[in-house]
Every structure is written in C-alpha cells, then in structure tokens.
file query11.csv (CSV, C-alpha atoms)
chain,number,residue,atom,x,y,z
Y,1,MET,CA,-9.2,-33.5,-11.4
Y,2,VAL,CA,-7.4,-31.1,-9.0
Y,3,MET,CA,-3.7,-31.5,-8.3
Y,4,ILE,CA,-2.9,-30.7,-4.7
Y,5,PRO,CA,0.8,-30.4,-3.6
Y,6,PRO,CA,1.5,-32.8,-0.7
Y,7,TYR,CA,2.9,-30.1,1.6
Y,8,VAL,CA,-0.4,-28.2,1.9
Y,9,PRO,CA,-1.7,-28.7,5.4
Y,10,GLU,CA,-4.9,-30.7,5.8
Y,11,ALA,CA,-6.7,-27.8,7.6
Y,12,PHE,CA,-6.1,-25.4,4.7
Y,13,LEU,CA,-7.9,-27.7,2.3
Y,14,THR,CA,-11.2,-27.3,4.1
Y,15,MET,CA,-10.7,-23.6,4.2
Y,16,TYR,CA,-10.1,-23.3,0.4
Y,17,LEU,CA,-13.7,-23.1,-0.9
Y,18,PRO,CA,-15.0,-20.7,1.8
Y,19,ALA,CA,-12.1,-18.3,1.2
Y,20,ILE,CA,-12.6,-18.4,-2.6
Y,21,TYR,CA,-16.3,-17.7,-2.2
Y,22,ALA,CA,-15.7,-14.9,0.3
Y,23,GLY,CA,-13.3,-13.4,-2.2
Y,24,LEU,CA,-15.8,-13.6,-5.0
Y,25,ILE,CA,-18.6,-12.1,-2.8
Y,26,VAL,CA,-16.3,-9.2,-1.7
Y,27,GLY,CA,-15.2,-8.5,-5.2
Y,28,PHE,CA,-18.7,-8.6,-6.5
Y,29,ILE,CA,-19.9,-6.1,-3.9
Y,30,GLY,CA,-16.9,-3.8,-4.7
Y,31,THR,CA,-17.4,-3.9,-8.4
Y,32,MET,CA,-21.1,-3.4,-8.2
Y,33,ALA,CA,-20.6,-0.3,-5.9
Y,34,ILE,CA,-18.0,1.0,-8.4
Y,35,ALA,CA,-20.5,0.6,-11.3
Y,36,MET,CA,-23.2,2.5,-9.4
Y,37,LYS,CA,-21.0,5.4,-8.2
Y,38,ARG,CA,-20.3,8.6,-10.3
Y,39,GLU,CA,-17.7,10.5,-8.3
Y,40,GLU,CA,-14.1,9.5,-8.9
Y,41,ILE,CA,-12.8,9.8,-5.3
Y,42,HIS,CA,-15.5,7.3,-4.1
Y,43,ILE,CA,-14.5,4.9,-6.9
Y,44,LEU,CA,-10.8,5.2,-5.8
Y,45,ILE,CA,-11.8,4.3,-2.2
Y,46,LEU,CA,-13.9,1.4,-3.5
Y,47,THR,CA,-11.0,0.1,-5.5
Y,48,ASP,CA,-9.5,-0.9,-2.1
Y,49,LEU,CA,-12.3,-3.5,-1.7
Y,50,VAL,CA,-11.4,-5.2,-5.0
Y,51,GLY,CA,-7.8,-5.3,-3.7
Y,52,LEU,CA,-9.0,-7.1,-0.6
Y,53,ALA,CA,-10.9,-9.6,-2.7
Y,54,MET,CA,-7.6,-10.2,-4.6
Y,55,ILE,CA,-5.9,-11.0,-1.3
Y,56,PHE,CA,-8.7,-13.4,-0.3
Y,57,VAL,CA,-8.3,-15.4,-3.5
Y,58,VAL,CA,-4.5,-15.5,-3.5
Y,59,SER,CA,-4.3,-16.4,0.3
Y,60,ALA,CA,-6.6,-19.4,-0.3
Y,61,VAL,CA,-3.6,-21.1,-1.9
Y,62,GLY,CA,-2.3,-21.5,1.7
Y,63,THR,CA,1.4,-22.0,0.9
Y,64,ASP,CA,4.5,-19.8,0.7
Y,65,LEU,CA,3.5,-19.1,-2.9
Y,66,ALA,CA,0.5,-17.1,-1.6
Y,67,GLU,CA,2.7,-15.0,0.6
Y,68,ALA,CA,5.1,-14.3,-2.3
Y,69,LEU,CA,2.2,-13.2,-4.5
Y,70,ILE,CA,0.4,-11.0,-1.9
Y,71,LEU,CA,3.4,-8.8,-1.3
Y,72,PRO,CA,3.8,-7.4,-4.9
Y,73,GLY,CA,0.0,-7.2,-5.2
Y,74,LEU,CA,-0.2,-4.9,-2.2
Y,75,VAL,CA,2.7,-2.8,-3.3
Y,76,VAL,CA,1.3,-2.4,-6.8
Y,77,GLU,CA,-2.0,-1.4,-5.3
Y,78,LEU,CA,-0.3,1.2,-3.1
Y,79,ALA,CA,1.5,2.7,-6.1
Y,80,GLU,CA,-1.7,2.7,-8.1
Y,81,THR,CA,-3.7,4.5,-5.4
Y,82,LEU,CA,-0.9,7.1,-5.1
Y,83,ALA,CA,-0.7,7.7,-8.9
Y,84,ILE,CA,-4.5,7.9,-9.4
Y,85,SER,CA,-5.0,10.3,-6.4
Y,86,GLU,CA,-2.4,12.6,-7.9
Y,87,ILE,CA,-4.1,12.5,-11.3
Y,88,LEU,CA,-7.5,13.3,-9.7
Y,89,ILE,CA,-6.1,16.3,-7.8
Y,90,THR,CA,-4.3,17.7,-10.9
Y,91,ARG,CA,-7.4,17.3,-13.0
Y,92,GLU,CA,-9.7,19.1,-10.5
Y,93,MET,CA,-7.1,21.9,-10.3
Y,94,ARG,CA,-7.2,22.3,-14.1
Y,95,LYS,CA,-11.0,22.3,-14.1
Y,96,ILE,CA,-11.1,25.0,-11.4
Y,97,GLU,CA,-8.4,27.1,-13.1
Y,98,GLN,CA,-10.3,27.2,-16.3
Y,99,ASP,CA,-13.5,28.4,-14.6
Y,100,PRO,CA,-13.0,32.2,-14.1
Y,101,ARG,CA,-15.7,32.5,-11.4
Y,102,ARG,CA,-13.9,30.3,-8.9
Y,103,ASN,CA,-10.5,31.0,-7.5
Y,104,LEU,CA,-8.1,28.4,-6.4
Y,105,SER,CA,-6.8,28.7,-2.9
Y,106,LYS,CA,-3.0,28.1,-2.7
Y,107,SER,CA,-2.8,26.5,0.7
Y,108,SER,CA,-4.0,22.9,0.8
Y,109,SER,CA,-2.5,20.0,2.7
Y,110,ILE,CA,-3.2,17.0,4.8
Y,111,PHE,CA,-2.9,19.0,8.0
Y,112,PRO,CA,-5.1,22.1,8.3
Y,113,GLN,CA,-2.8,23.9,10.7
Y,114,PRO,CA,0.9,24.5,10.1
Y,115,PHE,CA,2.6,21.5,11.6
Y,116,SER,CA,6.3,22.1,12.1
Y,117,LEU,CA,8.3,19.6,14.1
Y,118,ASN,CA,10.5,21.9,16.3
Y,119,MET,CA,12.2,19.3,18.4
Y,120,GLU,CA,15.9,19.3,19.0
Y,121,ILE,CA,16.2,15.6,18.3
Y,122,MET,CA,14.9,16.2,14.7
Y,123,THR,CA,18.0,18.3,13.9
Y,124,THR,CA,20.8,16.4,15.7
Y,125,ALA,CA,19.9,12.8,15.6
Y,126,PRO,CA,18.5,11.9,12.1
Y,127,ASN,CA,21.9,11.7,10.4
Y,128,PHE,CA,23.0,8.9,12.6
Y,129,ILE,CA,19.7,7.1,13.0
Y,130,ALA,CA,19.1,7.2,9.2
Y,131,LEU,CA,22.6,5.9,8.6
Y,132,VAL,CA,22.0,3.0,11.0
Y,133,LEU,CA,18.6,2.2,9.5
Y,134,ILE,CA,19.9,2.2,6.0
Y,135,GLY,CA,22.9,0.1,6.9
Y,136,TYR,CA,20.7,-2.4,8.7
Y,137,GLY,CA,18.2,-2.5,5.8
Y,138,ILE,CA,21.1,-3.2,3.3
Y,139,PHE,CA,22.2,-6.0,5.7
Y,140,LEU,CA,18.7,-7.5,5.7
Y,141,THR,CA,18.2,-7.2,1.9
Y,142,GLY,CA,14.9,-8.2,0.3
Y,143,PHE,CA,11.5,-6.7,1.1
Y,144,THR,CA,12.0,-6.2,4.8
Y,145,GLY,CA,15.4,-4.6,4.3
Y,146,GLY,CA,13.9,-2.3,1.7
Y,147,ALA,CA,11.2,-1.2,4.2
Y,148,VAL,CA,13.8,-0.6,6.9
Y,149,ALA,CA,16.1,1.4,4.6
Y,150,GLY,CA,13.1,3.3,3.3
Y,151,GLY,CA,12.1,4.2,6.8
Y,152,GLY,CA,15.6,5.6,7.3
Y,153,ILE,CA,15.2,7.7,4.1
Y,154,VAL,CA,11.8,8.9,5.3
Y,155,LEU,CA,13.2,9.9,8.6
Y,156,TYR,CA,16.0,11.9,7.0
Y,157,ALA,CA,13.6,13.5,4.5
Y,158,LEU,CA,11.1,14.5,7.2
Y,159,SER,CA,13.6,16.0,9.6
Y,160,LYS,CA,15.6,18.0,7.1
Y,161,LYS,CA,14.2,21.4,6.4
Y,162,ALA,CA,15.3,21.8,2.7
Y,163,ARG,CA,12.2,21.8,0.5
Y,164,GLY,CA,11.7,20.7,-3.1
Y,165,LEU,CA,13.9,18.2,-4.8
Y,166,PRO,CA,16.3,18.9,-7.7
Y,167,VAL,CA,15.4,17.3,-11.0
Y,168,LEU,CA,18.8,15.5,-11.0
Y,169,ILE,CA,17.9,13.5,-7.8
Y,170,LEU,CA,14.5,12.5,-9.1
Y,171,ASP,CA,16.1,11.2,-12.3
Y,172,GLY,CA,18.7,9.4,-10.2
Y,173,ILE,CA,15.9,7.6,-8.2
Y,174,ALA,CA,14.3,6.6,-11.5
Y,175,GLY,CA,17.6,5.2,-12.7
Y,176,VAL,CA,18.1,3.2,-9.5
Y,177,SER,CA,14.6,1.8,-10.0
Y,178,GLY,CA,15.5,0.6,-13.5
Y,179,ILE,CA,18.7,-1.0,-12.3
Y,180,ALA,CA,16.7,-2.8,-9.6
Y,181,TRP,CA,14.3,-4.2,-12.1
Y,182,CYS,CA,17.3,-5.4,-14.2
Y,183,LEU,CA,18.9,-7.2,-11.2
Y,184,TRP,CA,15.6,-8.8,-10.4
Y,185,ILE,CA,14.9,-10.1,-13.9
Y,186,ILE,CA,18.5,-11.4,-14.3
Y,187,GLY,CA,18.2,-13.2,-10.9
Y,188,PHE,CA,14.9,-14.7,-11.9
Y,189,LEU,CA,16.2,-15.8,-15.3
Y,190,LEU,CA,19.3,-17.3,-13.7
Y,191,PHE,CA,17.1,-19.5,-11.5
Y,192,PHE,CA,15.8,-21.3,-14.6
Y,193,VAL,CA,18.9,-21.2,-16.9
Y,194,ALA,CA,21.5,-22.2,-14.3
Y,195,PRO,CA,19.9,-23.6,-11.2
Y,196,GLN,CA,23.3,-24.4,-9.6
Y,197,TYR,CA,23.9,-20.6,-9.1
Y,198,TRP,CA,20.7,-20.3,-7.0
Y,199,LEU,CA,22.5,-18.4,-4.2
Y,200,LEU,CA,23.8,-15.7,-6.7
Y,201,SER,CA,20.4,-15.3,-8.3
Y,202,LEU,CA,18.7,-15.2,-4.9
Y,203,PHE,CA,21.0,-12.3,-3.8
Y,204,LEU,CA,20.5,-10.5,-7.2
Y,205,ALA,CA,16.7,-10.6,-6.7
Y,206,ALA,CA,17.0,-9.6,-3.0
Y,207,CYS,CA,19.2,-6.6,-3.7
Y,208,GLY,CA,17.0,-5.6,-6.6
Y,209,LEU,CA,14.0,-5.7,-4.4
Y,210,LEU,CA,15.9,-3.8,-1.6
Y,211,LEU,CA,16.7,-0.9,-4.0
Y,212,LYS,CA,13.1,-0.9,-5.4
Y,213,VAL,CA,11.3,-0.8,-2.1
Y,214,ALA,CA,13.7,1.6,-0.5
Y,215,SER,CA,13.5,4.1,-3.3
Y,216,LYS,CA,9.6,3.9,-3.4
Y,217,VAL,CA,9.3,4.4,0.4
Y,218,GLY,CA,11.7,7.3,0.2
Y,219,LEU,CA,9.7,8.9,-2.6
Y,220,ILE,CA,6.5,8.7,-0.5
Y,221,GLY,CA,8.4,10.3,2.4
Y,222,LEU,CA,9.6,13.2,0.2
Y,223,LEU,CA,6.0,13.6,-1.1
Y,224,MET,CA,4.6,13.7,2.5
Y,225,ARG,CA,7.3,16.2,3.5
Y,226,GLU,CA,5.9,18.8,1.2
Y,227,ASP,CA,2.8,18.7,3.3
Y,228,ILE,CA,4.3,18.4,6.8
Y,229,ASP,CA,7.1,20.9,6.6
Y,230,LYS,CA,5.1,24.0,5.6
Y,231,GLU,CA,5.3,27.1,7.7
M,1,MET,CA,-8.9,-24.8,23.1
M,2,ILE,CA,-10.5,-22.4,20.6
M,3,ASP,CA,-10.7,-23.7,17.0
M,4,VAL,CA,-8.8,-21.7,14.4
M,5,GLN,CA,-11.8,-22.1,12.1
M,6,ILE,CA,-13.8,-19.7,14.3
M,7,PHE,CA,-11.4,-16.9,13.6
M,8,PHE,CA,-11.4,-17.8,9.9
M,9,TYR,CA,-15.1,-17.6,9.5
M,10,PHE,CA,-15.3,-14.5,11.7
M,11,GLY,CA,-12.7,-12.9,9.4
M,12,ILE,CA,-14.8,-13.8,6.4
M,13,PHE,CA,-17.9,-12.4,8.1
M,14,LEU,CA,-16.2,-9.2,9.0
M,15,ALA,CA,-14.8,-8.8,5.5
M,16,ILE,CA,-18.2,-9.2,3.8
M,17,VAL,CA,-20.0,-7.0,6.3
M,18,GLY,CA,-17.3,-4.4,6.0
M,19,SER,CA,-17.5,-4.3,2.3
M,20,LEU,CA,-21.3,-4.0,2.4
M,21,ALA,CA,-20.9,-1.1,4.8
M,22,THR,CA,-18.3,0.5,2.5
M,23,ALA,CA,-20.6,0.1,-0.5
M,24,TRP,CA,-24.1,0.9,0.8
M,25,GLY,CA,-23.6,1.6,4.6
M,26,PRO,CA,-24.9,4.5,6.6
M,27,GLY,CA,-23.2,7.9,6.0
M,28,VAL,CA,-21.1,6.8,3.0
M,29,LYS,CA,-21.9,10.1,1.2
M,30,ASP,CA,-19.0,11.4,3.1
M,31,PRO,CA,-15.8,10.0,1.6
M,32,ILE,CA,-14.0,10.0,5.0
M,33,VAL,CA,-16.7,7.7,6.5
M,34,ARG,CA,-16.3,5.5,3.4
M,35,THR,CA,-12.6,5.3,4.0
M,36,PHE,CA,-13.1,4.3,7.7
M,37,ASN,CA,-15.6,1.6,6.7
M,38,THR,CA,-12.9,0.1,4.5
M,39,GLU,CA,-10.9,-0.6,7.6
M,40,VAL,CA,-13.5,-3.1,8.9
M,41,ALA,CA,-13.1,-5.2,5.8
M,42,SER,CA,-9.4,-4.9,6.1
M,43,ILE,CA,-9.4,-6.2,9.7
M,44,GLY,CA,-11.4,-9.2,8.4
M,45,VAL,CA,-8.7,-9.9,5.8
M,46,CYS,CA,-6.1,-9.6,8.5
M,47,MET,CA,-7.8,-12.4,10.6
M,48,VAL,CA,-8.0,-14.6,7.5
M,49,LEU,CA,-4.2,-14.1,6.8
M,50,LEU,CA,-3.5,-14.8,10.5
M,51,CYS,CA,-5.3,-18.2,10.2
M,52,TYR,CA,-3.2,-19.0,7.1
M,53,ASN,CA,0.1,-18.1,9.0
M,54,HIS,CA,1.0,-15.5,6.4
M,55,VAL,CA,2.9,-13.2,8.7
M,56,LEU,CA,4.8,-11.2,6.1
M,57,ALA,CA,1.6,-10.7,4.1
M,58,LEU,CA,-0.2,-9.6,7.3
M,59,LEU,CA,2.5,-7.0,8.2
M,60,THR,CA,2.6,-5.7,4.6
M,61,LEU,CA,-1.2,-5.4,4.6
M,62,LEU,CA,-1.1,-3.4,7.8
M,63,ALA,CA,1.6,-1.1,6.5
M,64,THR,CA,0.0,-0.5,3.1
M,65,THR,CA,-3.4,0.1,4.7
M,66,VAL,CA,-1.9,2.9,6.8
M,67,ILE,CA,-0.1,4.5,3.8
M,68,ILE,CA,-3.2,4.2,1.6
M,69,THR,CA,-5.4,5.8,4.3
M,70,LEU,CA,-3.0,8.7,4.5
M,71,ILE,CA,-2.9,9.1,0.7
M,72,LEU,CA,-6.7,9.0,0.5
M,73,PHE,CA,-7.1,11.5,3.3
M,74,ARG,CA,-4.7,13.8,1.5
M,75,ALA,CA,-6.6,13.5,-1.8
M,76,ILE,CA,-10.0,14.0,0.0
M,77,ILE,CA,-8.8,17.1,1.9
M,78,ARG,CA,-7.2,18.7,-1.1
M,79,LEU,CA,-10.3,18.1,-3.2
M,80,GLU,CA,-12.5,19.6,-0.5
M,81,GLU,CA,-10.3,22.6,0.0
M,82,MET,CA,-10.3,23.3,-3.8
M,83,GLY,CA,-14.1,23.2,-3.7
M,84,ALA,CA,-14.5,20.3,-6.0
M,85,GLU,CA,-17.5,18.0,-5.6
M,86,VAL,CA,-16.7,14.9,-3.6
call {"tool": "encode", "arguments": {"input": "query11.csv", "output": "structure tokens"}}
result
Amino acid sequence: MVMIPPYVPEAFLTMYLPAIYAGLIVGFIGTMAIAMKREEIHILILTDLVGLAMIFVVSAVGTDLAEALILPGLVVELAETLAISEILITREMRKIEQDPRRNLSKSSSIFPQPFSLNMEIMTTAPNFIALVLIGYGIFLTGFTGGAVAGGGIVLYALSKKARGLPVLILDGIAGVSGIAWCLWIIGFLLFFVAPQYWLLSLFLAACGLLLKVASKVGLIGLLMREDIDKE
Amino acid sequence: MIDVQIFFYFGIFLAIVGSLATAWGPGVKDPIVRTFNTEVASIGVCMVLLCYNHVLALLTLLATTVIITLILFRAIIRLEEMGAEV
C-alpha cells in the first residue's frame, strides 16, 4: 500500500513511474561508464550524470519537498566537484614533481592568454554595487539571498587587484560557516521542540543558509580570481 | 493546446540520450567533448523540472551547471598543461 498525500496534483501521479525509471536508467548508464573508465578526470565528469539521476528520483515526488531536497543536493554536488578537482590537480603536480625527467610549467590557468579587466568601471563602481547586492541579499535571506550576496562578494573579489588571501580571513570564513550551521540546526530543532516559535526558527534557518551560501559563493569567486587576474 | 506530457517525455528522452552520449558517444576520448555532452542530459533534466513547476530547483540547476562546467574546464586545462594523461 502506498500513502499519497492529498495535495499532490493528479497529473504528477501518472508522471511518477516514468520519472523513477528514467532516473534509474540514467544512474545505471552513469555508474556503468564510471566502472569502465580508468582516468580520474573522466570519472569526475561522469559523476555529473549520477547527480542528474539523483535529481530525477527526487523530483518525481512532485511537491515542495522535492524542491527543498534538490537545492542542497545540487550545492553539495558542486562543493564535491570543486574539492575533488583540486585534489586531482594537486596529486598530478606531486607525481610530476617527483619525476625528474619532466619539468612543471608554472603558468597554468583557465584562460590561456593573460586576461586583465582594464575597465574604469571595475575600479570605481564595485564598492557601491557590491554593497547594494550584499544589502539586498541580507534583506532577502535564505538561499536566494545567499546567492545575491555571494554575487556581490564575487564582484568585489574579481574587481579588486589585491592577490592572495591572508590566513586570518580564510579562518574567519570557516568560522562564519560553522556559525551558520549552528543557526540552521537550532532553527530546525526548534521547529519540533517548540512549534509555536515557528517564525523565529524559520528566520534562524534562513539567516544560517544566507551566511552559508554567501561565504561559499565568495570563496569560489576568490578561487577564480587567482586565474583571472594574472598579468 | 500542447500537452505538458510531451515536454516531460521529451525531457526524459533527452536525458537518456545525453547520458548515453556522455558515456559512449562519439569523441568522448577528449574530456572537453565529454563535458559538453553532459549539457544535453542537463537540458533534459531542466525540461522535467519545468513540467513539475520546480522553479527554484531549475534555476539552481542552471547556476550549478555553469559553475561545475567552469570548474571542470579549469581542472582539464591545468592537467593538460602539466602534461598529465587525460
């Protein structure tokens, strides 16, 4: 016996089985290809396919629950891809450094040519625009607000010429991330322990998510800047 | 009036064909071609999400696809410039 909530639209019920089967087929293709491949970078690309299969299976639920589950899934997949690609690059660097016959070229980036943004607007405007974007993101709160505020941080990071990041700031971002997790967990717990404070817990979770997403997007921007701003 | 189901099944079709192309398609020895083939499957998933009215999920999928493509290109280009086997 399958329990179906009454607010699931009738049209989505007929779409449930095809979506589940499509997800299973896509996941099977992805995992088979991963099993047959040897090179790590190909496996990393094929991991995307398994992520798409995950989205299929979750979206088949068809309610707001699906939407709430897809968002963290995508963000976790993004962080995972970022981390594993960094690990791959570092490992290949170590391998080549230990081999005395090959020498490691120092210049490597996403843009083959030097790509410097020498526009006047990049030096005068970003302070104001980044401030407006971060303020608007804090006003929005939640996932969308985090993305907007993160966009502001990325704009600021890309347009400023200072390179490298002091260790203190990196530690600070990690601390903010921890505080965001705590806010989120407290808000989530409060939903169940004291349901009459639902507004407070909602805002705790929203502000936690804002800090989390904004700091993550800002970190990605700082990472990209190392590539873009080289002379 | 075009039925929503058409888009739904077209999305499923695109996702399966795209994933087949990513796994065993033509020219996938090159990792950049493989990354591009992933986009076909991604568009299929976008159409399915559109049929389910998952707007926020759709927007997030588009944004993360762009960022993941950038990250993968960065990794591929760095590995190729270092002379590693890709």
call {"tool": "closest_residue", "arguments": {"input": "query11.csv", "among": "Y:Leu49, Y:Leu202, Y:Ile138, Y:Leu13", "to": "chain M", "atoms": "only C-alpha atoms"}}
result
Y:Leu49
call {"tool": "interface_residues", "arguments": {"input": "query11.csv", "of": "chain M", "to": "chain Y", "cutoff": "8 Å", "atoms": "only C-alpha atoms", "output": "PyMOL selection string"}}
result
chain M and resi 12+15-16+19-20+22-24+31+34-35+38+41-42+45+48-49+52+54+56-57+60-61+64+67-68+71-79+81-82+84-86
call {"tool": "atom_distance", "arguments": {"input": "query11.csv", "atom1": "atom CA of M:Val4", "atom2": "atom CA of M:Cys51"}}
result
6.5 Å
call {"tool": "atom_distance", "arguments": {"input": "query11.csv", "atom1": "atom CA of Y:Val132", "atom2": "atom CA of Y:Gly152"}}
result
7.8 Å
call {"tool": "residues_around", "arguments": {"input": "query11.csv", "residues": "M:Glu39", "least_positions_apart": "5", "cutoff": "9 Å", "atoms": "all atoms listed in the file", "output": "list in words"}}
result
Gly18, Gly44 and Thr65 of chain M
call {"tool": "write_last_selection", "arguments": {"input": "query11.csv", "atoms": "C-alpha atoms", "output": "CSV table (one decimal), in the coordinates of the input"}}
result
chain,number,residue,atom,x,y,z
M,18,GLY,CA,-17.3,-4.4,6.0
M,44,GLY,CA,-11.4,-9.2,8.4
M,65,THR,CA,-3.4,0.1,4.7
call {"tool": "atom_distance", "arguments": {"input": "query11.csv", "atom1": "atom CA of M:Ile32", "atom2": "atom CA of Y:Ile153"}}
result
29.3 Å
call {"tool": "closest_residue", "arguments": {"input": "query11.csv", "among": "Y:Ile173, Y:Leu24, Y:Met54, Y:Leu133", "to": "Y:Ser215", "atoms": "only C-alpha atoms"}}
result
Y:Ile173
call {"tool": "closest_residue", "arguments": {"input": "query11.csv", "among": "Y:Val8, Y:Leu219, Y:Gly137, Y:Val2", "to": "Y:Gly172", "atoms": "only C-alpha atoms"}}
result
Y:Leu219
